[in-house]
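Participant: Contents of query.txt (compact mmCIF, C-alpha atoms) are below:
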```txt
# COMPACT_ATOMS: atom_id res chain seq x y z
CA ILE A 15 -13.73 7.76 1.34
CA LEU A 16 -12.57 6.40 4.71
CA ASN A 17 -9.97 8.31 6.69
CA VAL A 18 -6.88 6.67 8.15
CA GLU A 19 -4.62 8.96 10.19
CA GLN A 20 -1.04 8.24 11.17
CA SER A 21 1.04 10.17 13.66
CA PRO A 22 3.58 11.49 13.87
CA GLN A 23 4.25 12.27 10.22
CA SER A 24 7.98 11.82 10.80
CA LEU A 25 10.40 11.31 13.64
CA HIS A 26 14.09 11.00 14.28
CA VAL A 27 15.40 8.75 17.03
CA GLN A 28 18.85 7.76 18.21
CA GLU A 29 20.07 4.23 17.66
CA GLY A 30 19.02 2.12 20.62
CA ASP A 31 15.96 4.21 21.49
CA SER A 32 12.55 2.60 21.50
CA THR A 33 9.73 4.35 19.71
CA ASN A 34 6.11 4.00 18.80
CA PHE A 35 3.60 5.52 16.43
CA THR A 36 -0.13 5.53 15.98
CA CYS A 37 -2.66 4.62 13.33
CA SER A 38 -6.27 5.81 13.79
CA PHE A 39 -9.14 4.46 11.73
CA PRO A 40 -12.96 4.37 11.77
CA SER A 41 -14.15 1.95 14.43
CA SER A 42 -17.27 0.87 12.55
CA ASN A 43 -17.34 -1.92 9.97
CA PHE A 44 -13.83 -3.11 10.87
CA TYR A 45 -12.36 -6.13 9.12
CA ALA A 46 -8.58 -5.80 9.28
CA LEU A 47 -5.66 -3.48 9.88
CA HIS A 48 -2.42 -3.93 7.95
CA TRP A 49 1.04 -2.54 8.73
CA TYR A 50 3.70 -2.20 6.03
CA ARG A 51 7.32 -1.07 6.07
CA TRP A 52 8.56 0.86 3.04
CA GLU A 53 12.29 1.36 2.76
CA THR A 54 13.69 3.83 0.26
CA ALA A 55 14.18 2.36 -3.22
CA LYS A 56 12.38 -0.85 -2.24
CA SER A 57 8.80 -2.05 -2.39
CA PRO A 58 6.51 -1.90 0.65
CA GLU A 59 6.72 -5.05 2.74
CA ALA A 60 3.96 -6.42 4.95
CA LEU A 61 4.67 -6.48 8.68
CA PHE A 62 1.36 -7.46 10.29
CA VAL A 63 -2.25 -8.18 9.47
CA MET A 64 -4.48 -7.78 12.50
CA THR A 65 -8.15 -8.61 12.68
CA LEU A 66 -9.26 -9.07 16.30
CA ASN A 67 -9.71 -6.47 19.01
CA GLY A 68 -6.84 -6.81 21.47
CA ASP A 69 -4.57 -8.49 18.90
CA GLU A 70 -0.87 -8.18 19.64
CA LYS A 71 1.66 -9.25 17.04
CA LYS A 72 5.43 -9.35 17.17
CA LYS A 73 8.20 -9.71 14.60
CA GLY A 74 11.66 -9.43 16.11
CA ARG A 75 11.94 -6.00 17.72
CA ILE A 76 8.75 -4.72 16.14
CA SER A 77 5.33 -5.28 17.67
CA ALA A 78 1.83 -3.95 17.13
CA THR A 79 -1.39 -3.74 19.10
CA LEU A 80 -4.97 -3.25 17.95
CA ASN A 81 -8.01 -1.62 19.54
CA THR A 82 -10.96 -1.89 17.17
CA LYS A 83 -13.50 -0.43 19.61
CA GLU A 84 -11.74 2.90 19.79
CA GLY A 85 -10.18 2.70 16.33
CA TYR A 86 -6.42 2.73 16.82
CA SER A 87 -3.33 0.61 16.44
CA TYR A 88 0.15 1.20 17.84
CA LEU A 89 3.41 0.07 16.26
CA TYR A 90 6.37 -0.28 18.62
CA ILE A 91 10.03 -0.61 17.75
CA LYS A 92 12.32 -1.66 20.57
CA GLY A 93 15.97 -0.65 20.43
CA SER A 94 15.81 1.08 17.03
CA GLN A 95 18.57 0.30 14.55
CA PRO A 96 19.58 2.26 11.43
CA GLU A 97 18.08 -0.49 9.28
CA ASP A 98 14.68 0.31 10.82
CA SER A 99 14.72 3.63 8.96
CA ALA A 100 11.73 3.51 6.65
CA THR A 101 8.21 4.79 6.19
CA TYR A 102 5.66 2.75 8.12
CA LEU A 103 2.22 2.56 6.53
CA CYS A 104 -0.98 1.37 8.06
CA ALA A 105 -3.99 0.40 5.99
CA PHE A 106 -7.58 -0.20 7.04
CA TYR A 107 -9.85 -2.74 5.46
CA SER A 108 -13.51 -2.10 6.11
CA GLY A 109 -14.82 -4.88 3.92
CA ALA A 110 -18.15 -3.27 3.15
CA GLY A 111 -18.49 -5.40 0.03
CA SER A 112 -15.24 -4.34 -1.57
CA TYR A 113 -11.63 -5.37 -1.50
CA GLN A 114 -10.19 -1.97 -0.83
CA LEU A 115 -7.48 -1.13 1.65
CA THR A 116 -7.38 2.52 2.65
CA PHE A 117 -3.85 3.68 3.46
CA GLY A 118 -2.64 6.34 5.84
CA LYS A 119 0.06 8.80 4.78
CA GLY A 120 2.70 6.96 6.76
CA THR A 121 5.17 7.72 9.51
CA LYS A 122 8.72 8.29 8.29
CA LEU A 123 11.25 7.00 10.81
CA SER A 124 14.92 7.98 10.70
CA VAL A 125 17.27 6.21 13.10
CA ILE A 126 20.46 8.15 13.70
CA PRO A 127 23.54 5.99 14.34
CA ASP B 11 11.85 -16.26 -6.71
CA GLY B 12 8.21 -15.26 -6.90
CA GLY B 13 7.37 -11.62 -7.08
CA ILE B 14 5.87 -8.68 -8.88
CA THR B 15 7.66 -6.96 -11.72
CA GLN B 16 6.80 -3.46 -12.78
CA SER B 17 8.33 -1.89 -15.83
CA PRO B 18 9.75 0.49 -16.66
CA LYS B 19 11.12 2.05 -13.47
CA TYR B 20 10.99 5.55 -14.96
CA LEU B 21 8.73 6.72 -17.76
CA PHE B 22 8.56 10.07 -19.49
CA ARG B 23 5.73 11.15 -21.77
CA LYS B 24 4.44 14.24 -23.45
CA GLU B 25 1.08 15.62 -22.40
CA GLY B 26 -1.74 14.23 -24.51
CA GLN B 27 -0.16 10.81 -25.02
CA ASN B 28 -1.53 7.61 -23.54
CA VAL B 29 0.99 5.46 -21.71
CA THR B 30 0.79 1.89 -20.42
CA LEU B 31 2.50 0.68 -17.26
CA SER B 32 3.29 -3.00 -17.01
CA CYS B 33 2.69 -5.24 -13.99
CA GLU B 34 3.41 -8.96 -13.97
CA GLN B 35 3.26 -11.39 -11.04
CA ASN B 36 4.30 -15.03 -10.72
CA LEU B 37 2.85 -15.55 -7.24
CA ASN B 38 -0.32 -17.17 -8.58
CA HIS B 39 -2.34 -14.51 -6.79
CA ASP B 40 -5.95 -13.94 -7.76
CA ALA B 41 -6.21 -10.25 -6.92
CA MET B 42 -4.18 -7.40 -8.36
CA TYR B 43 -4.24 -3.70 -7.60
CA TRP B 44 -2.93 -0.37 -8.87
CA TYR B 45 -2.12 2.41 -6.42
CA ARG B 46 -0.90 5.91 -6.98
CA GLN B 47 1.30 7.89 -4.61
CA ASP B 48 1.62 11.66 -4.60
CA PRO B 49 3.80 13.71 -2.23
CA GLY B 50 2.17 14.09 1.19
CA GLN B 51 -0.60 11.61 0.41
CA GLY B 52 -1.31 8.02 1.25
CA LEU B 53 -1.47 5.35 -1.42
CA ARG B 54 -4.72 5.73 -3.33
CA LEU B 55 -6.41 2.88 -5.16
CA ILE B 56 -6.95 3.33 -8.89
CA TYR B 57 -8.29 -0.07 -10.00
CA TYR B 58 -8.35 -3.61 -8.72
CA SER B 59 -9.13 -7.00 -10.15
CA GLN B 60 -10.16 -10.13 -8.27
CA ILE B 61 -10.32 -12.46 -11.24
CA VAL B 62 -9.37 -12.66 -14.89
CA ASN B 63 -11.55 -10.53 -17.20
CA ASP B 64 -13.03 -8.60 -14.28
CA PHE B 65 -11.96 -5.40 -12.56
CA GLN B 66 -13.44 -2.63 -10.43
CA LYS B 67 -12.79 1.07 -10.06
CA GLY B 68 -11.04 2.32 -6.97
CA ASP B 69 -11.22 5.80 -5.51
CA ILE B 70 -9.45 7.62 -8.34
CA ALA B 71 -10.18 5.68 -11.55
CA GLU B 72 -10.96 8.66 -13.77
CA GLY B 73 -8.49 8.96 -16.64
CA TYR B 74 -7.17 5.41 -16.22
CA SER B 75 -8.02 2.07 -17.80
CA VAL B 76 -6.93 -1.50 -17.08
CA SER B 77 -7.28 -4.99 -18.49
CA ARG B 78 -6.93 -8.43 -16.92
CA GLU B 79 -6.66 -10.92 -19.77
CA LYS B 80 -4.26 -13.18 -17.89
CA LYS B 81 -3.97 -13.97 -14.20
CA GLU B 82 -0.33 -12.88 -14.21
CA SER B 83 -0.76 -9.50 -15.85
CA PHE B 84 -2.60 -6.29 -14.96
CA PRO B 85 -1.45 -3.39 -17.17
CA LEU B 86 -2.52 0.15 -16.39
CA THR B 87 -3.08 2.73 -19.13
CA VAL B 88 -2.83 6.37 -18.18
CA THR B 89 -4.91 8.21 -20.74
CA SER B 90 -4.76 11.81 -21.87
CA ALA B 91 -7.95 12.37 -19.85
CA GLN B 92 -6.02 12.02 -16.58
CA LYS B 93 -5.49 15.61 -15.47
CA ASN B 94 -2.46 15.08 -13.21
CA PRO B 95 -0.73 11.93 -14.41
CA THR B 96 2.73 12.66 -12.98
CA ALA B 97 3.05 10.37 -9.96
CA PHE B 98 4.56 7.19 -8.58
CA TYR B 99 2.53 4.09 -9.46
CA LEU B 100 2.59 0.87 -7.43
CA CYS B 101 1.17 -2.47 -8.46
CA ALA B 102 0.26 -5.08 -5.86
CA SER B 103 -1.24 -8.52 -5.63
CA SER B 104 -2.75 -10.77 -2.99
CA PRO B 105 -4.32 -14.21 -2.75
CA LEU B 106 -8.04 -14.11 -2.05
CA GLY B 107 -9.13 -17.33 -0.43
CA GLY B 108 -11.99 -17.22 2.01
CA ALA B 109 -10.97 -14.07 3.87
CA PRO B 110 -9.22 -11.67 1.50
CA TYR B 111 -8.72 -9.03 4.19
CA ASN B 112 -6.42 -11.46 5.99
CA SER B 113 -3.95 -11.52 3.12
CA PRO B 114 -1.21 -8.89 2.99
CA LEU B 115 -0.46 -7.17 -0.27
CA HIS B 116 2.72 -7.93 -2.18
CA PHE B 117 4.05 -4.88 -4.00
CA GLY B 118 6.20 -4.25 -7.02
CA ASN B 119 8.99 -1.66 -7.03
CA GLY B 120 6.89 0.96 -8.75
CA THR B 121 7.02 3.11 -11.88
CA ARG B 122 7.64 6.84 -11.70
CA LEU B 123 5.75 8.55 -14.50
CA THR B 124 6.56 12.09 -15.53
CA VAL B 125 4.35 13.85 -18.03
CA THR B 126 5.47 17.21 -19.43
```
Produce structure tokens that represent the structure in this file.
Facilitator:
Amino acid sequence: ILNVEQSPQSLHVQEGDSTNFTCSFPSSNFYALHWYRWETAKSPEALFVMTLNGDEKKKGRISATLNTKEGYSYLYIKGSQPEDSATYLCAFYSGAGSYQLTFGKGTKLSVIP
Amino acid sequence: DGGITQSPKYLFRKEGQNVTLSCEQNLNHDAMYWYRQDPGQGLRLIYYSQIVNDFQKGDIAEGYSVSREKKESFPLTVTSAQKNPTAFYLCASSPLGGAPYNSPLHFGNGTRLTVT
């Protein structure tokens, strides 16, 4: 079973602060890296799908970068708002003949107004 | 609106009983998945299906069974052989196309199963 690590496990930030968290994954056999946002009482929602080394994606105040050679991705949130409070999941797709995404445990973000 | 519907939201069963969780999608997606979430763990794949009448085991398939008789439906049965069935269960779907890893998953709202 592949290992996907996310850090930190949780963090609290003040409204307006910018923050970032990390997803580490095996650097061999890489196909794609997915980021999802999971708000309480809702279903997880896809943020980004990244496939190329050096990829940078942006959606509003949220952006992500990808380094497949060293096996990590960063998610950045600029000017955090209370509505950004959620658990952020990353998932690694190694391909390897299957259609399985391996998920990390998530980073739980709480934005304090 | 297109989406994935899981029912029921909460389910309670006695130990030793089989229970079936429903998952229906109207997104016309080829692939469907069942994940399980336990406290302090990432989502773990139970079963997935890429096409009607075909499905594959994920990492933790023991004690579970699925069927895929229709494209829209992928029910999960938690059998009495599953040693720790109490968990939160998420169903998801995705289109396949030529590069399935490029397609994000669409999730349902989940079913919380409690077995006592």
Participant: Residues of chain A within 8 Å of chain B, counting all atoms listed in the file, what are they? List them as an NGL selection string.
Facilitator: :A and (15 or 45-46 or 48 or 55-60 or 62-65 or 107 or 109 or 113-120)
Participant: Quick one: residues within 9 Å of (-2.1, 1.9, 12.8) (file frame), counting only C-alpha atoms, please, as a count of residues only.
Facilitator: 25
Participant: Between atom CA of A:Ser108 and atom CA of B:Leu37, what is the distance in Å, rounded to a tenth?
Facilitator: 25.0 Å
Participant: Report as a PyMOL selection string all protein, DNA and RNA residues lying within 6 Å of B:Phe98, evaluated on all atoms listed in the file, omitting residues in the same chain fewer than 3 positions from it.
Facilitator: chain B and resi 46-47+121-122
Participant: Suppose you want the space between atom CA of A:Leu16 and atom CA of B:Glu72; what is it in Å?
Facilitator: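 Between atom CA of A:Leu16 and atom CA of B:Glu72 the gap works out to 18.7 Å.
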Participant: So what do you get for atom CA of B:Lys24 versus atom CA of A:Thr54, distance-wise?
Facilitator: 27.5 Å
Participant: Given the choices A:Asn67, A:Ser124, A:Thr33, A:Asn17, which gets closest to A:Lys83 if the distance is worked out from only C-alpha atoms?
Facilitator: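 The answer is A:Asn67, which sits nearest to A:Lys83.
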Participant: I want to know what sits within 12 Å of B:Asn94, based on only C-alpha atoms, with residues of the same chain fewer than 4 positions away left out; could you give that as a ChimeraX atom specification?
Facilitator: /B:25-26,46-48,70,72-74,88-90,98,123-126
Participant: Store the residues picked out above in a file with C-alpha atoms, as a compact mmCIF listing (two decimals), in the coordinates of the input.
Facilitator:
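Contents of out-v5.txt, freshly written:
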```txt
# COMPACT_ATOMS: atom_id res chain seq x y z
CA GLU B 25 1.08 15.62 -22.40
CA GLY B 26 -1.74 14.23 -24.51
CA ARG B 46 -0.90 5.91 -6.98
CA GLN B 47 1.30 7.89 -4.61
CA ASP B 48 1.62 11.66 -4.60
CA ILE B 70 -9.45 7.62 -8.34
CA GLU B 72 -10.96 8.66 -13.77
CA GLY B 73 -8.49 8.96 -16.64
CA TYR B 74 -7.17 5.41 -16.22
CA VAL B 88 -2.83 6.37 -18.18
CA THR B 89 -4.91 8.21 -20.74
CA SER B 90 -4.76 11.81 -21.87
CA PHE B 98 4.56 7.19 -8.58
CA LEU B 123 5.75 8.55 -14.50
CA THR B 124 6.56 12.09 -15.53
CA VAL B 125 4.35 13.85 -18.03
CA THR B 126 5.47 17.21 -19.43
```
Participant: Do you know which residues are at most 10 Å from B:Phe84 counting only C-alpha atoms, after dropping those on the same chain fewer than 2 positions away, and could you put them as a PyMOL selection string?
Facilitator: chain B and resi 31-35+41-44+57-59+62+65+76-82+86-87+101-103
Participant: I need the residue nearest A:Tyr90 from this list: A:Gly68, A:Ser32, A:Lys73, A:Glu53. Use all atoms listed in the file for the distance.
Facilitator: A:Ser32
